[in-house]
file model.cif (mmCIF, C-alpha atoms and all ligand atoms)
data_model
loop_
_atom_site.label_atom_id
_atom_site.label_comp_id
_atom_site.auth_asym_id
_atom_site.auth_seq_id
_atom_site.Cartn_x
_atom_site.Cartn_y
_atom_site.Cartn_z
CA MET A 265 313.23 83.84 78.06
CA THR A 266 309.75 83.58 79.49
CA GLN A 267 309.38 82.22 83.01
CA SER A 268 306.32 80.36 84.19
CA LEU A 269 304.94 78.90 87.38
CA THR A 270 302.22 76.28 87.81
CA ILE A 271 300.36 76.04 91.11
CA ALA A 272 297.18 74.45 92.45
CA ARG A 273 294.16 76.68 91.74
CA PRO A 274 293.98 79.43 94.37
CA ASP A 275 291.20 80.47 96.75
CA ASP A 276 290.37 83.86 98.25
CA TRP A 277 289.77 83.62 102.01
CA HIS A 278 288.22 87.12 102.36
CA LEU A 279 286.05 88.57 99.61
CA HIS A 280 283.26 91.13 99.25
CA LEU A 281 280.87 90.29 96.40
CA ARG A 282 278.03 92.66 97.41
CA ASP A 283 274.63 91.99 95.80
CA SER A 284 272.45 92.68 92.73
CA ALA A 285 274.13 94.64 89.89
CA MET A 286 277.47 94.91 91.71
CA LEU A 287 277.54 91.16 92.42
CA LYS A 288 276.88 90.40 88.76
CA ALA A 289 279.70 92.67 87.63
CA VAL A 290 282.41 91.65 90.11
CA LEU A 291 281.78 87.90 90.52
CA PRO A 292 283.40 86.92 87.17
CA GLU A 293 286.52 88.89 88.14
CA THR A 294 287.03 86.51 91.08
CA ALA A 295 285.69 83.31 89.49
CA ARG A 296 288.13 83.66 86.56
CA HIS A 297 291.07 82.88 88.88
CA PHE A 298 289.71 81.53 92.16
CA ASP A 299 287.84 78.27 92.71
CA ARG A 300 286.41 79.28 96.11
CA ALA A 301 286.14 82.32 98.33
CA ILE A 302 285.02 83.12 101.85
CA ILE A 303 282.13 85.52 101.24
CA MET A 304 281.84 88.45 103.61
CA PRO A 305 278.35 88.98 105.07
CA ASN A 306 278.38 92.79 105.41
CA LEU A 307 275.45 93.44 103.10
CA VAL A 308 272.73 95.95 103.92
CA PRO A 309 270.99 94.40 105.82
CA PRO A 310 273.72 91.97 106.92
CA VAL A 311 273.65 88.18 106.42
CA VAL A 312 272.86 87.15 109.99
CA THR A 313 270.90 83.88 109.87
CA GLY A 314 271.41 80.56 108.15
CA ALA A 315 268.33 81.24 106.02
CA GLN A 316 269.79 84.57 104.87
CA ALA A 317 273.12 82.90 104.03
CA ALA A 318 271.34 80.21 101.99
CA ALA A 319 269.43 82.87 100.04
CA TYR A 320 272.62 84.91 99.45
CA ARG A 321 274.44 81.78 98.27
CA ASP A 322 271.63 81.18 95.73
CA ARG A 323 271.89 84.78 94.48
CA ILE A 324 275.65 84.37 94.02
CA LEU A 325 275.26 81.13 92.09
CA SER A 326 272.52 82.68 89.89
CA ALA A 327 274.84 85.60 89.08
CA LEU A 328 277.65 83.26 87.99
CA PRO A 329 278.14 83.08 84.21
CA GLU A 330 277.20 79.61 82.98
CA GLU A 331 280.65 78.68 81.73
CA MET A 332 282.32 79.46 85.08
CA ALA A 333 282.71 77.27 88.17
CA PHE A 334 282.96 78.84 91.61
CA GLU A 335 282.11 77.77 95.15
CA PRO A 336 281.04 80.52 97.55
CA LEU A 337 282.00 79.64 101.14
CA MET A 338 279.36 81.40 103.18
CA THR A 339 279.70 83.20 106.52
CA LEU A 340 277.30 84.65 109.07
CA TYR A 341 277.56 88.17 110.46
CA LEU A 342 277.79 87.94 114.25
CA THR A 343 275.37 90.17 116.16
CA GLU A 344 274.53 90.42 119.84
CA ASP A 345 271.28 88.56 119.02
CA THR A 346 272.83 85.68 117.04
CA ASP A 347 271.35 82.33 118.05
CA PRO A 348 273.99 79.65 118.78
CA ALA A 349 271.60 76.92 117.57
CA ASP A 350 271.10 78.63 114.19
CA VAL A 351 274.87 78.93 113.77
CA ALA A 352 275.40 75.27 114.67
CA ALA A 353 272.69 74.13 112.24
CA ALA A 354 274.16 76.20 109.38
CA HIS A 355 277.54 74.64 110.10
CA THR A 356 276.24 71.08 110.33
CA SER A 357 274.42 71.37 107.01
CA GLY A 358 277.68 72.49 105.37
CA LEU A 359 276.24 75.89 104.44
CA ILE A 360 278.67 78.10 106.37
CA LYS A 361 282.42 77.87 106.85
CA ALA A 362 282.90 80.71 109.35
CA VAL A 363 281.24 83.43 111.42
CA LYS A 364 282.39 87.02 111.01
CA LEU A 365 282.96 89.41 113.89
CA TYR A 366 282.82 93.13 113.17
CA PRO A 367 283.26 95.41 116.17
CA ALA A 368 280.29 97.78 115.87
CA GLY A 369 281.25 100.78 113.73
CA ALA A 370 284.69 99.47 112.71
CA THR A 371 284.24 99.43 108.93
CA THR A 372 281.82 99.44 105.96
CA ASN A 373 278.33 98.23 107.00
CA SER A 374 279.34 97.23 110.53
CA ALA A 375 276.60 99.05 112.43
CA SER A 376 275.00 95.75 113.53
CA GLY A 377 278.31 94.40 114.82
CA VAL A 378 279.27 93.53 118.35
CA GLY A 379 279.58 96.17 121.10
CA ASP A 380 279.21 94.01 124.20
CA PHE A 381 281.30 90.85 123.89
CA ASP A 382 279.57 89.17 126.84
CA LYS A 383 276.45 88.97 124.65
CA VAL A 384 278.18 86.70 122.11
CA ARG A 385 279.83 84.43 124.66
CA ALA A 386 277.40 81.53 124.09
CA VAL A 387 277.87 81.67 120.31
CA LEU A 388 281.66 81.69 120.63
CA GLU A 389 281.55 78.73 123.02
CA LYS A 390 279.36 76.79 120.61
CA MET A 391 281.78 77.60 117.76
CA ALA A 392 284.76 76.37 119.81
CA GLU A 393 282.86 73.16 120.51
CA ILE A 394 282.06 72.46 116.83
CA GLY A 395 285.35 73.78 115.39
CA LEU A 396 283.76 76.59 113.36
CA PRO A 397 286.25 79.43 112.72
CA LEU A 398 285.63 83.03 113.77
CA CYS A 399 286.86 85.59 111.22
CA VAL A 400 287.68 88.87 112.92
CA HIS A 401 287.91 92.45 111.69
CA GLY A 402 290.56 93.34 114.27
CA GLU A 403 290.27 97.02 115.04
CA VAL A 404 288.98 98.77 118.15
CA THR A 405 286.62 101.64 117.46
CA ASP A 406 287.29 103.87 120.48
CA GLN A 407 287.47 107.51 119.44
CA ASP A 408 290.54 108.05 121.62
CA ILE A 409 292.58 105.34 119.87
CA ASP A 410 294.55 106.59 116.88
CA ILE A 411 293.45 104.93 113.63
CA PHE A 412 297.00 103.65 113.02
CA ASP A 413 297.03 101.92 116.44
CA ARG A 414 293.61 100.29 116.30
CA GLU A 415 294.81 96.84 115.23
CA ALA A 416 297.53 96.58 117.87
CA VAL A 417 295.16 97.75 120.60
CA PHE A 418 292.47 95.30 119.44
CA ILE A 419 294.87 92.37 119.87
CA ASP A 420 295.64 93.30 123.47
CA ARG A 421 292.25 94.51 124.64
CA VAL A 422 289.80 92.34 122.70
CA LEU A 423 291.26 89.43 120.75
CA ASP A 424 293.62 87.95 123.28
CA PRO A 425 291.02 88.10 126.12
CA ILE A 426 288.37 86.47 123.85
CA ARG A 427 290.75 83.67 122.89
CA ARG A 428 291.80 83.08 126.51
CA ALA A 429 288.17 82.98 127.61
CA THR A 430 287.21 80.56 124.82
CA PRO A 431 289.74 77.73 124.65
CA GLY A 432 289.60 75.87 121.35
CA LEU A 433 288.02 78.76 119.44
CA ARG A 434 289.62 78.84 115.99
CA VAL A 435 290.24 82.42 114.82
CA VAL A 436 291.32 84.08 111.59
CA MET A 437 292.64 87.61 112.04
CA GLU A 438 291.41 89.14 108.80
CA HIS A 439 293.50 91.52 106.68
CA ILE A 440 296.34 92.04 109.15
CA THR A 441 298.27 95.26 108.52
CA THR A 442 300.90 95.39 111.26
CA SER A 443 303.96 93.59 112.58
CA ASN A 444 301.94 93.33 115.81
CA GLY A 445 299.43 91.14 113.97
CA VAL A 446 302.19 89.00 112.45
CA ASP A 447 303.94 88.61 115.82
CA TYR A 448 300.74 87.73 117.65
CA VAL A 449 299.89 84.98 115.16
CA LYS A 450 303.41 83.57 115.36
CA SER A 451 303.41 83.65 119.17
CA GLN A 452 300.37 81.39 119.50
CA ALA A 453 300.59 77.63 119.59
CA ALA A 454 297.41 76.75 117.71
CA ASP A 455 293.96 77.76 116.49
CA LEU A 456 295.05 81.08 115.01
CA GLY A 457 295.64 82.11 111.40
CA ALA A 458 295.65 85.38 109.48
CA THR A 459 294.72 86.59 106.04
CA ILE A 460 296.85 89.18 104.26
CA THR A 461 295.56 91.27 101.35
CA THR A 462 297.31 91.92 98.07
CA HIS A 463 297.24 95.68 98.51
CA HIS A 464 298.78 95.66 101.99
CA LEU A 465 301.77 93.80 100.53
CA ILE A 466 302.19 96.66 98.03
CA ILE A 467 301.24 100.00 99.59
CA ASN A 468 302.13 101.78 102.80
CA ARG A 469 300.54 104.96 104.15
CA ASN A 470 302.83 107.16 102.05
CA HIS A 471 301.28 105.75 98.89
CA LEU A 472 297.90 106.79 100.28
CA LEU A 473 298.81 110.29 101.41
CA VAL A 474 301.99 111.69 99.82
CA GLY A 475 301.56 113.96 96.79
CA GLY A 476 297.78 114.11 97.14
CA ILE A 477 295.23 111.81 98.75
CA LYS A 478 294.59 108.61 96.72
CA PRO A 479 291.05 107.47 97.50
CA HIS A 480 291.53 104.15 95.69
CA TYR A 481 294.29 103.26 98.19
CA TYR A 482 292.00 103.94 101.16
CA CYS A 483 290.82 100.81 102.91
CA LEU A 484 290.33 99.54 106.42
CA PRO A 485 292.42 98.67 108.25
CA VAL A 486 294.28 101.63 106.75
CA ALA A 487 297.74 100.96 105.29
CA LYS A 488 300.46 101.47 107.91
CA ARG A 489 304.13 102.56 107.82
CA GLU A 490 306.71 100.78 105.65
CA SER A 491 308.14 98.60 108.44
CA HIS A 492 304.71 97.01 108.85
CA ARG A 493 304.38 96.37 105.12
CA LEU A 494 307.75 94.63 105.18
CA ALA A 495 306.62 92.45 108.10
CA LEU A 496 303.54 91.43 106.10
CA ARG A 497 305.71 90.65 103.06
CA ALA A 498 308.00 88.47 105.19
CA ALA A 499 305.02 86.60 106.70
CA ALA A 500 303.27 86.04 103.36
CA THR A 501 306.36 84.89 101.51
CA SER A 502 307.66 82.71 104.36
CA GLY A 503 305.38 79.82 103.42
CA ASP A 504 304.25 79.64 107.11
CA ALA A 505 300.93 77.77 107.10
CA ARG A 506 299.29 80.31 109.41
CA PHE A 507 299.29 83.07 106.75
CA PHE A 508 297.10 82.93 103.64
CA LEU A 509 295.57 85.15 100.98
CA GLY A 510 292.39 87.04 101.71
CA THR A 511 292.20 89.76 99.08
CA ASP A 512 289.51 91.78 100.88
CA SER A 513 288.62 92.88 97.34
CA ALA A 514 285.92 95.41 98.25
CA PRO A 515 284.21 97.17 95.33
CA HIS A 516 282.75 100.64 95.72
CA THR A 517 281.76 102.80 92.75
CA ASP A 518 284.09 105.64 91.80
CA PRO A 519 281.68 108.37 92.99
CA ASN A 520 281.59 106.67 96.39
CA LYS A 521 285.40 106.47 96.55
CA GLU A 522 286.24 109.86 95.02
CA SER A 523 284.21 111.81 97.53
CA ALA A 524 284.62 114.21 100.45
CA CYS A 525 283.80 111.17 102.63
CA GLY A 526 285.11 108.29 100.52
CA CYS A 527 284.31 104.64 101.23
CA ALA A 528 287.00 102.23 102.43
CA GLY A 529 287.98 99.34 100.17
CA CYS A 530 290.40 98.39 97.38
CA PHE A 531 289.15 96.37 94.41
CA THR A 532 291.84 93.80 93.59
CA ALA A 533 289.91 90.78 92.26
CA THR A 534 290.90 91.48 88.65
CA ASN A 535 294.69 91.56 88.98
CA THR A 536 295.52 89.95 92.33
CA MET A 537 297.26 86.85 90.96
CA PRO A 538 299.64 88.75 88.61
CA LEU A 539 300.38 91.25 91.39
CA LEU A 540 301.18 88.47 93.86
CA ALA A 541 303.48 86.74 91.36
CA HIS A 542 305.29 90.09 91.00
CA VAL A 543 305.56 90.54 94.79
CA PHE A 544 306.75 86.99 95.46
CA GLU A 545 309.28 87.13 92.61
CA GLU A 546 310.60 90.44 93.92
CA ASP A 547 311.24 88.77 97.29
CA GLY A 548 312.82 85.68 95.71
CA ALA A 549 309.91 83.60 96.97
CA LEU A 550 308.02 82.30 93.93
CA SER A 551 308.33 78.81 95.42
CA THR A 552 306.08 79.77 98.38
CA LEU A 553 303.35 81.51 96.35
CA GLU A 554 301.38 78.26 96.16
CA ASN A 555 301.42 77.90 99.95
CA PHE A 556 300.05 81.41 100.37
CA VAL A 557 297.30 81.30 97.74
CA SER A 558 296.38 77.61 97.39
CA ARG A 559 297.51 75.45 100.32
CA ASN A 560 297.59 77.26 103.67
CA GLY A 561 293.96 78.44 103.52
CA PRO A 562 292.43 75.02 102.85
CA ALA A 563 294.62 73.54 105.58
CA PHE A 564 293.29 76.04 108.13
CA TYR A 565 289.67 75.59 107.02
CA ARG A 566 290.14 71.79 106.84
CA LEU A 567 289.13 71.64 103.18
CA PRO A 568 290.85 69.87 100.30
CA VAL A 569 293.29 71.74 98.07
CA ASN A 570 291.68 72.49 94.68
CA ALA A 571 292.23 69.76 92.10
CA GLY A 572 292.90 72.02 89.11
CA SER A 573 296.01 74.06 88.37
CA MET A 574 296.87 77.57 87.25
CA THR A 575 299.89 78.66 85.26
CA LEU A 576 301.32 82.16 85.55
CA THR A 577 303.74 83.41 82.90
CA LYS A 578 306.17 86.31 83.03
CA GLN A 579 305.88 88.15 79.74
CA ASN A 580 308.57 90.20 78.04
CA ALA A 581 306.41 93.32 78.03
CA PRO A 582 304.24 94.81 80.78
CA ALA A 583 300.78 93.28 81.02
CA SER A 584 297.75 95.53 80.75
CA PHE A 585 294.76 95.33 83.08
CA PRO A 586 291.44 97.14 82.75
CA ALA A 587 291.53 100.41 84.70
CA LYS A 588 287.87 100.00 85.64
CA ILE A 589 285.09 97.43 85.73
CA GLU A 590 281.78 98.79 84.47
CA THR A 591 278.72 98.02 86.58
CA GLU A 592 275.10 99.11 86.35
CA ASP A 593 275.76 101.13 89.53
CA GLY A 594 278.75 102.93 87.97
CA PRO A 595 282.46 102.23 87.35
CA VAL A 596 284.69 100.47 89.90
CA THR A 597 288.39 101.29 89.68
CA VAL A 598 290.76 98.30 89.65
CA PHE A 599 293.68 98.56 92.11
CA ASP A 600 296.68 100.16 90.38
CA PRO A 601 299.95 99.02 92.00
CA GLY A 602 301.85 101.97 90.54
CA PHE A 603 304.45 99.80 88.79
CA ASP A 604 304.61 97.62 85.67
CA VAL A 605 303.55 94.00 86.10
CA TYR A 606 304.88 91.39 83.67
CA TRP A 607 302.99 88.35 85.02
CA THR A 608 299.77 87.10 83.48
CA VAL A 609 297.51 84.16 84.20
CA ASP A 610 297.37 81.68 81.31
CA THR A 611 293.88 80.96 80.06
N1 LIG A 701 288.26 96.61 103.78
C1 LIG A 701 287.56 97.69 103.54
O1 LIG A 701 288.14 98.79 103.50
N2 LIG A 701 286.23 97.64 103.31
C2 LIG A 701 285.38 96.49 103.40
C3 LIG A 701 285.05 96.12 104.80
C4 LIG A 701 286.17 95.45 105.57
O2 LIG A 701 286.67 94.40 105.18
O3 LIG A 701 286.56 95.95 106.63
C5 LIG A 701 284.09 96.78 102.62
O4 LIG A 701 283.11 96.05 102.80
O5 LIG A 701 284.08 97.73 101.83
ZN ZN A 702 287.35 94.22 107.58
ZN ZN A 703 286.74 92.95 104.04
#
call {"tool": "encode", "arguments": {"input": "model.cif", "output": "structure tokens", "more": "lines below"}}
Ligand SMILES: NC(=O)N[C@@H](CC(=O)O)C(=O)O
Ligand SMILES: [Zn+2]
Ligand SMILES: [Zn+2]
result
Amino acid sequence: MTQSLTIARPDDWHLHLRDSAMLKAVLPETARHFDRAIIMPNLVPPVVTGAQAAAYRDRILSALPEEMAFEPLMTLYLTEDTDPADVAAAHTSGLIKAVKLYPAGATTNSASGVGDFDKVRAVLEKMAEIGLPLCVHGEVTDQDIDIFDREAVFIDRVLDPIRRATPGLRVVMEHITTSNGVDYVKSQAADLGATITTHHLIINRNHLLVGGIKPHYYCLPVAKRESHRLALRAAATSGDARFFLGTDSAPHTDPNKESACGCAGCFTATNTMPLLAHVFEEDGALSTLENFVSRNGPAFYRLPVNAGSMTLTKQNAPASFPAKIETEDGPVTVFDPGFDVYWTVDT
């Protein structure tokens, strides 16, 4: 007997679309299943001003195949020179839905990020005043902090002090990877949410490192031990409104991944919805999938739930997904969960 599930059309609350040839190749992979996505601003150079975000939005819409509908929800990349008035104007006009904080040096294209948090105080205060969310890549970059501890240390040393100093600031902890992240979100009364990626619900650090290094499982924050993955699974499948999908689908070409110094990022846009149906079914939680992918995100961002619906069907035989997406820059490997997936999205 085939099983099926119909939910409101999902959104992706953390997505890398890149630019130019890569944008053209990866955008349909997201637009096929998602009505909207929060677009990460870590281009080279980064999307810092409202004018740059408007131009990037136009490039995204021009790259969209004619028969597809998709709304890019733009963000600005916070720098120590960001002008609070420019941020406020971009928010008032409806152009941007969030500002993104990268600690300088934390991840791909984060060199222009924030080193001295006092320098962004005025921007954060303006954002608290106007209710504009701050999306945070939550890892410290100190050389003496172990890479597996960087999220937990960030919460204590950076995030909690920022939130205490800026009452009313609405924050999304992006791509949480630890039980510390889950517990911190749950411990706070208001103004805090978290995105969870598809891949962090599926892989732990053993998948990355045991039996040979798997560059396509390398992303930041790096996958942690199994107990953390289980904490993320419990949070995502709980239905709790504070947790929602942000795939962090982050394309890099195969030569850039399969390298002596490989780039961080997993490309999951193509098969995220089938993978999530698999994960939620495995945990006996298909009834909360809609909260995670379609309802909790809009509630946090104070946007309407999408009007359309999506039906997922469990087939009798394993579904097949493309192993790679071809781009003019080279192939991009699609995330391979390492197990058979029977769910497909009905077209
Ligand atoms: N997640 C990643 O491993 N990489 C992202 C950056 C990010 O989200 O930190 C990228 O832009 O490639
Ligand atoms: Zn990040
Ligand atoms: Zn990201």
call {"tool": "atom_distance", "arguments": {"input": "model.cif", "atom1": "atom CA of Gly572 of chain A", "atom2": "atom CA of His297 of chain A"}}
result
11.0 Å
call {"tool": "closest_atom_pairs", "arguments": {"input": "model.cif", "of": "segment 531-573 of chain A", "to": "segment 512-519 of chain A", "cutoff": "12 Å", "atoms": "only C-alpha atoms", "output": "tab-separated table"}}
result
residue	atom	partner	partner_atom	distance
A:Phe531	CA	A:Ser513	CA	4.6
A:Thr532	CA	A:Ser513	CA	5.0
A:Ala533	CA	A:Ser513	CA	5.6
A:Thr534	CA	A:Ser513	CA	9.1
A:Asn535	CA	A:Ser513	CA	10.4
A:Thr536	CA	A:Ser513	CA	9.0
call {"tool": "closest_atom_pairs", "arguments": {"input": "model.cif", "of": "chain A", "to": "ligand ZN 703 (chain A)", "cutoff": "9 Å", "atoms": "only C-alpha atoms and all ligand atoms", "output": "tab-separated table"}}
result
residue	atom	partner	partner_atom	distance
A:His278	CA	A:ZN703	ZN	6.2
A:Leu279	CA	A:ZN703	ZN	6.3
A:His280	CA	A:ZN703	ZN	6.2
A:Met304	CA	A:ZN703	ZN	6.7
A:Asn306	CA	A:ZN703	ZN	8.5
A:Thr371	CA	A:ZN703	ZN	8.5
A:Thr372	CA	A:ZN703	ZN	8.4
A:His401	CA	A:ZN703	ZN	7.8
A:Glu438	CA	A:ZN703	ZN	7.7
A:His439	CA	A:ZN703	ZN	7.4
A:Cys483	CA	A:ZN703	ZN	8.9
A:Leu484	CA	A:ZN703	ZN	7.9
A:Gly510	CA	A:ZN703	ZN	8.5
A:Thr511	CA	A:ZN703	ZN	8.0
A:Asp512	CA	A:ZN703	ZN	4.4
A:Ser513	CA	A:ZN703	ZN	7.0
A:Ala514	CA	A:ZN703	ZN	6.3
A:Gly529	CA	A:ZN703	ZN	7.6
call {"tool": "closest_residue", "arguments": {"input": "model.cif", "among": "A:Leu291, A:Val436, A:Ala301, A:Ala581", "to": "Arg323 of chain A", "atoms": "only C-alpha atoms"}}
result
A:Leu291
call {"tool": "atom_distance", "arguments": {"input": "model.cif", "atom1": "atom CA of Arg414 of chain A", "atom2": "atom CA of Val486 of chain A"}}
result
9.7 Å
call {"tool": "residues_around", "arguments": {"input": "model.cif", "residues": "segment 382-392 of chain A", "least_positions_apart": "3", "cutoff": "8 Å", "atoms": "only C-alpha atoms", "output": "VMD selection string"}}
result
chain A and resid 342 to 348 351 to 352 378 395 to 398 430 to 434
call {"tool": "closest_residue", "arguments": {"input": "model.cif", "among": "A:Ala362, A:Ala528, A:Ala272, A:Leu465", "to": "ligand LIG 701 (chain A)", "atoms": "all atoms listed in the file"}}
result
A:Ala528
call {"tool": "closest_residue", "arguments": {"input": "model.cif", "among": "A:Asn520, A:Thr591, A:Thr501, A:Thr577", "to": "Asp547 of chain A", "atoms": "all atoms listed in the file"}}
result
A:Thr501
